[in-house]
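Asks: My file is coords.cif. It has mmCIF, N, CA and C atoms:
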data_start
#
loop_
_atom_site.label_atom_id
_atom_site.label_comp_id
_atom_site.auth_asym_id
_atom_site.auth_seq_id
_atom_site.Cartn_x
_atom_site.Cartn_y
_atom_site.Cartn_z
N MET A 1 22.21 52.27 11.85
CA MET A 1 22.52 50.92 11.49
C MET A 1 22.77 50.14 12.77
N GLY A 2 22.26 48.92 12.87
CA GLY A 2 22.49 48.11 14.05
C GLY A 2 23.94 47.74 14.20
N GLY A 3 24.43 47.70 15.40
CA GLY A 3 25.81 47.33 15.64
C GLY A 3 26.64 48.53 16.04
N LEU A 4 27.92 48.31 16.12
CA LEU A 4 28.85 49.36 16.49
C LEU A 4 29.41 50.01 15.24
N ARG A 5 29.65 51.29 15.30
CA ARG A 5 30.20 52.00 14.15
C ARG A 5 31.38 52.82 14.61
N SER A 6 32.44 52.76 13.83
CA SER A 6 33.62 53.56 14.11
C SER A 6 33.98 54.30 12.83
N ARG A 7 34.12 55.60 12.91
CA ARG A 7 34.46 56.39 11.73
C ARG A 7 35.75 57.13 12.03
N THR A 8 36.79 56.82 11.21
CA THR A 8 38.06 57.49 11.40
C THR A 8 38.11 58.79 10.61
N ASN A 9 37.45 58.84 9.49
CA ASN A 9 37.24 60.07 8.73
C ASN A 9 36.03 59.83 7.85
N GLN A 10 35.68 60.78 7.02
CA GLN A 10 34.45 60.64 6.25
C GLN A 10 34.48 59.52 5.24
N SER A 11 35.65 59.07 4.81
CA SER A 11 35.70 58.00 3.81
C SER A 11 35.93 56.63 4.42
N ASP A 12 36.35 56.56 5.69
CA ASP A 12 36.61 55.29 6.35
C ASP A 12 35.52 55.01 7.38
N GLN A 13 34.92 53.83 7.29
CA GLN A 13 33.88 53.47 8.23
C GLN A 13 33.97 51.98 8.52
N VAL A 14 33.82 51.61 9.76
CA VAL A 14 33.83 50.22 10.18
C VAL A 14 32.53 49.96 10.93
N ASP A 15 31.80 48.93 10.54
CA ASP A 15 30.56 48.56 11.21
C ASP A 15 30.69 47.14 11.74
N LEU A 16 30.23 46.91 12.96
CA LEU A 16 30.13 45.58 13.53
C LEU A 16 28.65 45.26 13.61
N ILE A 17 28.22 44.26 12.85
CA ILE A 17 26.81 43.94 12.75
C ILE A 17 26.54 42.63 13.49
N SER A 18 25.48 42.61 14.27
CA SER A 18 25.08 41.41 15.00
C SER A 18 23.64 41.07 14.63
N ASN A 19 23.38 39.80 14.37
CA ASN A 19 22.02 39.38 14.04
C ASN A 19 21.06 39.55 15.21
N ARG A 20 21.56 39.91 16.36
CA ARG A 20 20.70 40.13 17.52
C ARG A 20 20.07 41.52 17.52
N LEU A 21 20.55 42.38 16.68
CA LEU A 21 20.00 43.74 16.62
C LEU A 21 18.96 43.81 15.50
N GLU A 22 18.50 44.99 15.21
CA GLU A 22 17.37 45.15 14.29
C GLU A 22 17.67 44.80 12.83
N ARG A 23 18.95 44.72 12.46
CA ARG A 23 19.28 44.42 11.06
C ARG A 23 20.16 43.19 10.99
N SER A 24 19.91 42.35 10.02
CA SER A 24 20.67 41.10 9.89
C SER A 24 21.93 41.30 9.05
N HIS A 25 22.81 40.33 9.14
CA HIS A 25 24.02 40.37 8.32
C HIS A 25 23.68 40.48 6.84
N LEU A 26 22.73 39.66 6.38
CA LEU A 26 22.37 39.65 4.96
C LEU A 26 21.88 41.02 4.51
N THR A 27 21.01 41.65 5.27
CA THR A 27 20.48 42.96 4.91
C THR A 27 21.59 44.00 4.81
N VAL A 28 22.45 44.04 5.79
CA VAL A 28 23.51 45.05 5.82
C VAL A 28 24.53 44.79 4.73
N ILE A 29 24.95 43.55 4.55
CA ILE A 29 25.94 43.24 3.51
C ILE A 29 25.38 43.58 2.14
N THR A 30 24.13 43.25 1.90
CA THR A 30 23.51 43.55 0.61
C THR A 30 23.48 45.05 0.36
N GLU A 31 23.15 45.85 1.36
CA GLU A 31 23.12 47.31 1.20
C GLU A 31 24.52 47.87 0.99
N LEU A 32 25.46 47.44 1.80
CA LEU A 32 26.81 48.01 1.73
C LEU A 32 27.53 47.66 0.44
N LYS A 33 27.34 46.46 -0.06
CA LYS A 33 28.07 46.06 -1.26
C LYS A 33 27.63 46.86 -2.50
N GLU A 34 26.45 47.47 -2.45
CA GLU A 34 25.97 48.26 -3.58
C GLU A 34 26.85 49.48 -3.83
N GLU A 35 27.45 50.04 -2.78
CA GLU A 35 28.25 51.25 -2.91
C GLU A 35 29.73 51.03 -2.62
N ALA A 36 30.08 49.86 -2.16
CA ALA A 36 31.44 49.61 -1.68
C ALA A 36 32.46 49.51 -2.82
N GLN A 37 33.66 49.96 -2.52
CA GLN A 37 34.81 49.72 -3.40
C GLN A 37 35.59 48.51 -2.92
N SER A 38 35.47 48.24 -1.63
CA SER A 38 36.07 47.03 -1.06
C SER A 38 35.15 46.51 0.03
N LEU A 39 35.21 45.21 0.25
CA LEU A 39 34.36 44.57 1.23
C LEU A 39 35.17 43.50 1.95
N VAL A 40 35.19 43.56 3.27
CA VAL A 40 35.87 42.56 4.09
C VAL A 40 34.83 41.94 5.01
N ILE A 41 34.70 40.62 4.93
CA ILE A 41 33.77 39.89 5.77
C ILE A 41 34.58 38.96 6.66
N CYS A 42 34.33 39.04 7.97
CA CYS A 42 34.99 38.16 8.94
C CYS A 42 33.92 37.32 9.61
N SER A 43 34.06 36.00 9.52
CA SER A 43 33.09 35.11 10.14
C SER A 43 33.80 33.87 10.66
N GLY A 44 33.44 33.44 11.85
CA GLY A 44 34.03 32.24 12.42
C GLY A 44 33.64 31.00 11.64
N TRP A 45 32.56 31.07 10.91
CA TRP A 45 32.10 29.96 10.09
C TRP A 45 31.16 30.49 9.03
N ILE A 46 31.05 29.73 7.95
CA ILE A 46 30.06 30.03 6.91
C ILE A 46 29.42 28.70 6.54
N LYS A 47 28.11 28.68 6.51
CA LYS A 47 27.38 27.48 6.12
C LYS A 47 26.87 27.65 4.69
N ARG A 48 26.62 26.53 4.05
CA ARG A 48 26.15 26.54 2.67
C ARG A 48 24.89 27.39 2.51
N CYS A 49 23.92 27.22 3.42
CA CYS A 49 22.65 27.95 3.28
C CYS A 49 22.87 29.46 3.34
N GLY A 50 23.79 29.91 4.16
CA GLY A 50 24.07 31.34 4.25
C GLY A 50 24.83 31.87 3.05
N LEU A 51 25.83 31.11 2.60
CA LEU A 51 26.62 31.57 1.46
C LEU A 51 25.78 31.59 0.19
N LYS A 52 24.87 30.63 0.04
CA LYS A 52 24.02 30.62 -1.15
C LYS A 52 23.18 31.89 -1.24
N LEU A 53 22.80 32.44 -0.09
CA LEU A 53 22.06 33.71 -0.09
C LEU A 53 22.94 34.88 -0.50
N LEU A 54 24.21 34.83 -0.12
CA LEU A 54 25.14 35.94 -0.38
C LEU A 54 25.76 35.90 -1.77
N LEU A 55 25.93 34.72 -2.35
CA LEU A 55 26.68 34.61 -3.60
C LEU A 55 26.18 35.50 -4.74
N PRO A 56 24.88 35.61 -4.99
CA PRO A 56 24.45 36.50 -6.07
C PRO A 56 24.92 37.95 -5.86
N SER A 57 24.81 38.45 -4.64
CA SER A 57 25.25 39.81 -4.35
C SER A 57 26.77 39.93 -4.44
N LEU A 58 27.48 38.92 -3.94
CA LEU A 58 28.94 38.95 -4.02
C LEU A 58 29.40 38.91 -5.48
N ASP A 59 28.76 38.08 -6.29
CA ASP A 59 29.13 37.99 -7.70
C ASP A 59 28.89 39.32 -8.43
N LYS A 60 27.78 39.98 -8.13
CA LYS A 60 27.51 41.29 -8.74
C LYS A 60 28.58 42.29 -8.33
N ALA A 61 28.94 42.27 -7.06
CA ALA A 61 29.98 43.20 -6.58
C ALA A 61 31.32 42.90 -7.25
N LEU A 62 31.66 41.62 -7.38
CA LEU A 62 32.91 41.26 -8.05
C LEU A 62 32.90 41.74 -9.50
N ASN A 63 31.77 41.61 -10.17
CA ASN A 63 31.65 42.07 -11.56
C ASN A 63 31.80 43.58 -11.68
N ARG A 64 31.49 44.31 -10.60
CA ARG A 64 31.68 45.76 -10.59
C ARG A 64 33.11 46.14 -10.22
N GLY A 65 33.92 45.15 -9.88
CA GLY A 65 35.31 45.42 -9.53
C GLY A 65 35.56 45.64 -8.05
N VAL A 66 34.58 45.30 -7.22
CA VAL A 66 34.76 45.43 -5.77
C VAL A 66 35.79 44.41 -5.30
N ALA A 67 36.74 44.86 -4.51
CA ALA A 67 37.74 43.96 -3.92
C ALA A 67 37.12 43.32 -2.68
N ILE A 68 36.99 42.00 -2.70
CA ILE A 68 36.33 41.29 -1.60
C ILE A 68 37.32 40.33 -0.94
N THR A 69 37.38 40.42 0.38
CA THR A 69 38.16 39.48 1.19
C THR A 69 37.24 38.90 2.24
N ILE A 70 37.27 37.58 2.38
CA ILE A 70 36.45 36.90 3.37
C ILE A 70 37.37 36.07 4.28
N PHE A 71 37.29 36.34 5.58
CA PHE A 71 38.05 35.60 6.58
C PHE A 71 37.11 34.62 7.27
N THR A 72 37.50 33.33 7.30
CA THR A 72 36.71 32.32 8.00
C THR A 72 37.64 31.37 8.75
N ASN A 73 37.05 30.55 9.58
CA ASN A 73 37.75 29.49 10.27
C ASN A 73 37.54 28.21 9.47
N ALA A 74 38.59 27.66 8.86
CA ALA A 74 38.46 26.49 7.99
C ALA A 74 37.83 25.30 8.72
N ARG A 75 38.11 25.18 9.98
CA ARG A 75 37.59 24.05 10.76
C ARG A 75 36.06 24.11 10.88
N HIS A 76 35.50 25.31 10.90
CA HIS A 76 34.06 25.46 11.10
C HIS A 76 33.32 25.98 9.87
N THR A 77 33.99 25.99 8.73
CA THR A 77 33.36 26.43 7.48
C THR A 77 33.15 25.20 6.61
N SER A 78 31.98 25.06 6.03
CA SER A 78 31.68 23.85 5.26
C SER A 78 32.60 23.75 4.04
N PRO A 79 32.99 22.52 3.68
CA PRO A 79 33.83 22.32 2.50
C PRO A 79 33.20 22.89 1.23
N TRP A 80 31.88 22.82 1.12
CA TRP A 80 31.20 23.38 -0.05
C TRP A 80 31.48 24.88 -0.15
N CYS A 81 31.44 25.58 0.97
CA CYS A 81 31.68 27.02 0.99
C CYS A 81 33.12 27.34 0.61
N ILE A 82 34.05 26.58 1.14
CA ILE A 82 35.46 26.80 0.81
C ILE A 82 35.66 26.63 -0.69
N SER A 83 35.05 25.61 -1.27
CA SER A 83 35.15 25.37 -2.71
C SER A 83 34.47 26.48 -3.51
N ALA A 84 33.28 26.90 -3.08
CA ALA A 84 32.56 27.96 -3.80
C ALA A 84 33.34 29.27 -3.80
N LEU A 85 33.99 29.58 -2.69
CA LEU A 85 34.80 30.80 -2.62
C LEU A 85 36.06 30.65 -3.48
N ALA A 86 36.65 29.46 -3.49
CA ALA A 86 37.85 29.22 -4.30
C ALA A 86 37.53 29.31 -5.79
N ASP A 87 36.28 29.04 -6.17
CA ASP A 87 35.86 29.13 -7.58
C ASP A 87 35.81 30.57 -8.08
N ARG A 88 36.00 31.51 -7.19
CA ARG A 88 36.00 32.94 -7.55
C ARG A 88 37.39 33.50 -7.29
N PRO A 89 38.30 33.35 -8.28
CA PRO A 89 39.70 33.75 -8.06
C PRO A 89 39.88 35.24 -7.76
N GLU A 90 38.93 36.07 -8.15
CA GLU A 90 39.04 37.50 -7.87
C GLU A 90 38.66 37.82 -6.43
N LEU A 91 38.10 36.85 -5.72
CA LEU A 91 37.74 36.98 -4.31
C LEU A 91 38.85 36.35 -3.48
N LYS A 92 39.27 37.04 -2.44
CA LYS A 92 40.32 36.51 -1.56
C LYS A 92 39.66 35.88 -0.34
N HIS A 93 39.90 34.57 -0.15
CA HIS A 93 39.37 33.85 1.01
C HIS A 93 40.53 33.43 1.89
N VAL A 94 40.50 33.84 3.13
CA VAL A 94 41.55 33.50 4.10
C VAL A 94 40.90 32.65 5.18
N SER A 95 41.43 31.43 5.34
CA SER A 95 40.86 30.55 6.38
C SER A 95 41.95 29.90 7.19
#
Written as structure tokens, that's how I'd like the structure from this file.
Replies:
Amino acid sequence: MGGLRSRTNQSDQVDLISNRLERSHLTVITELKEEAQSLVICSGWIKRCGLKLLLPSLDKALNRGVAITIFTNARHTSPWCISALADRPELKHVS
């Protein structure tokens, strides 16, 4: 997988993904959310065009009971995105 990987034991894994490597954020997030029990996304900003691509996968994961937390910078995240995340009370958005 592109990026840095840290494994503390067989059940804990942390990946740092960069769009500069062979796999994009969207590809990796889509793959990981299929098996995840929890998902934490940290981004300095989220734009509408990017979140619209992720929302179907995030909604499916939420429907499966995946605990999702998204950290963003409110100053650099579009108001539409903040509202769209707030519309999903089972998703925790920290900005």
Asks: Given the point (35.7, 37.1, -0.7) in the coordinates of this file, which residues lie within 8 Å, counting all atoms listed in the file, and how would they look as a PyMOL selection string?
Replies: chain A and resi 39-41+58+67-71+85+88+90-94
Asks: Write the residues of the selection above to a file with N, CA and C atoms, as an mmCIF file, keeping the file's coordinate frame.
Replies:
data_model
loop_
_atom_site.group_PDB
_atom_site.id
_atom_site.type_symbol
_atom_site.label_atom_id
_atom_site.label_comp_id
_atom_site.auth_asym_id
_atom_site.auth_seq_id
_atom_site.Cartn_x
_atom_site.Cartn_y
_atom_site.Cartn_z
ATOM 1 N N LEU A 39 35.210 45.210 0.250
ATOM 2 C CA LEU A 39 34.360 44.570 1.230
ATOM 3 C C LEU A 39 35.170 43.500 1.950
ATOM 4 N N VAL A 40 35.190 43.560 3.270
ATOM 5 C CA VAL A 40 35.870 42.560 4.090
ATOM 6 C C VAL A 40 34.830 41.940 5.010
ATOM 7 N N ILE A 41 34.700 40.620 4.930
ATOM 8 C CA ILE A 41 33.770 39.890 5.770
ATOM 9 C C ILE A 41 34.580 38.960 6.660
ATOM 10 N N LEU A 58 27.480 38.920 -3.940
ATOM 11 C CA LEU A 58 28.940 38.950 -4.020
ATOM 12 C C LEU A 58 29.400 38.910 -5.480
ATOM 13 N N ALA A 67 36.740 44.860 -4.510
ATOM 14 C CA ALA A 67 37.740 43.960 -3.920
ATOM 15 C C ALA A 67 37.120 43.320 -2.680
ATOM 16 N N ILE A 68 36.990 42.000 -2.700
ATOM 17 C CA ILE A 68 36.330 41.290 -1.600
ATOM 18 C C ILE A 68 37.320 40.330 -0.940
ATOM 19 N N THR A 69 37.380 40.420 0.380
ATOM 20 C CA THR A 69 38.160 39.480 1.190
ATOM 21 C C THR A 69 37.240 38.900 2.240
ATOM 22 N N ILE A 70 37.270 37.580 2.380
ATOM 23 C CA ILE A 70 36.450 36.900 3.370
ATOM 24 C C ILE A 70 37.370 36.070 4.280
ATOM 25 N N PHE A 71 37.290 36.340 5.580
ATOM 26 C CA PHE A 71 38.050 35.600 6.580
ATOM 27 C C PHE A 71 37.110 34.620 7.270
ATOM 28 N N LEU A 85 33.990 29.580 -2.690
ATOM 29 C CA LEU A 85 34.800 30.800 -2.620
ATOM 30 C C LEU A 85 36.060 30.650 -3.480
ATOM 31 N N ARG A 88 36.000 31.510 -7.190
ATOM 32 C CA ARG A 88 36.000 32.940 -7.550
ATOM 33 C C ARG A 88 37.390 33.500 -7.290
ATOM 34 N N GLU A 90 38.930 36.070 -8.150
ATOM 35 C CA GLU A 90 39.040 37.500 -7.870
ATOM 36 C C GLU A 90 38.660 37.820 -6.430
ATOM 37 N N LEU A 91 38.100 36.850 -5.720
ATOM 38 C CA LEU A 91 37.740 36.980 -4.310
ATOM 39 C C LEU A 91 38.850 36.350 -3.480
ATOM 40 N N LYS A 92 39.270 37.040 -2.440
ATOM 41 C CA LYS A 92 40.320 36.510 -1.560
ATOM 42 C C LYS A 92 39.660 35.880 -0.340
ATOM 43 N N HIS A 93 39.900 34.570 -0.150
ATOM 44 C CA HIS A 93 39.370 33.850 1.010
ATOM 45 C C HIS A 93 40.530 33.430 1.890
ATOM 46 N N VAL A 94 40.500 33.840 3.130
ATOM 47 C CA VAL A 94 41.550 33.500 4.100
ATOM 48 C C VAL A 94 40.900 32.650 5.180
#
Asks: Which neighbours of Arg75 of chain A fall inside 10 Å, counting only C-alpha atoms, when residues of the same chain fewer than 6 positions from it are skipped, and could you give them as a PyMOL selection string?
Replies: chain A and resi 44-45+95
Asks: Report as a list of chain:residue names all protein, DNA and RNA residues lying within 12 Å of Arg64 of chain A, evaluated on only C-alpha atoms, omitting residues in the same chain fewer than 5 positions from it.
Replies: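 Surrounding residues, per the criterion: A:Lys33, A:Glu34, A:Glu35, A:Ala36, A:Gln37, A:Ser38, A:Ser57, A:Leu58, A:Asp59, A:Glu90.
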Asks: Would you list the contacts of Arg48 of chain A as an MDAnalysis selection string, taking every protein, DNA or RNA residue within 6.5 Å and counting only N, CA and C atoms, but skipping same-chain residues closer than 4 positions in sequence?
Replies: chainID A and resid 52:53 78 80:81
Asks: Using DSSP assignments from the backbone, pull out every residue in segment 40-88 of chain A that falls under alpha helix (DSSP H) and give it to me as a ChimeraX atom specification.
Replies: /A:48-63,79-86
Asks: Which one of A:Asn73, A:Cys49, A:Leu55, A:Arg23 sits closest to Asp87 of chain A if you count only C-alpha atoms?
Replies: A:Leu55
Asks: Write out as JSON an axis-aligned box for segment 48-52 of chain A: all of its atoms listed in the file, 6 Å added on each side, centre and edge lengths in Å with one decimal.
Replies:
{"center_x": 24.6, "center_y": 29.2, "center_z": 1.5, "size_x": 16.0, "size_y": 17.4, "size_z": 17.5}
Asks: Could you jot down the atom CA of Ser24 of chain A to atom N of Cys42 of chain A separation for me, Å, one decimal place?
Replies: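 Computing the Euclidean distance for atom CA of Ser24 of chain A and atom N of Cys42 of chain A yields 13.9 Å.
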Asks: A:Lys47, A:Leu54, A:Thr27, A:Ala61: which is nearest Pro79 of chain A, counting all atoms listed in the file?
Replies: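 Of A:Lys47, A:Leu54, A:Thr27, A:Ala61, the one nearest Pro79 of chain A, counting all atoms listed in the file, is A:Lys47.
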Asks: Atom N of Ile46 of chain A to atom N of Thr72 of chain A: how many Å, to one decimal?
Replies: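 Separation of atom N of Ile46 of chain A and atom N of Thr72 of chain A: 7.4 Å.
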Asks: Report the residues of segment 31-83 of chain A whose backbone DSSP state falls under strand (DSSP E or B), written as a list in words.
Replies: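 Reading the DSSP output for segment 31-83 of chain A, strand (DSSP E or B) covers Ser38, Leu39, Val40, Ile41, Cys42, Ala67, Ile68, Thr69, Ile70 and Phe71 of chain A.
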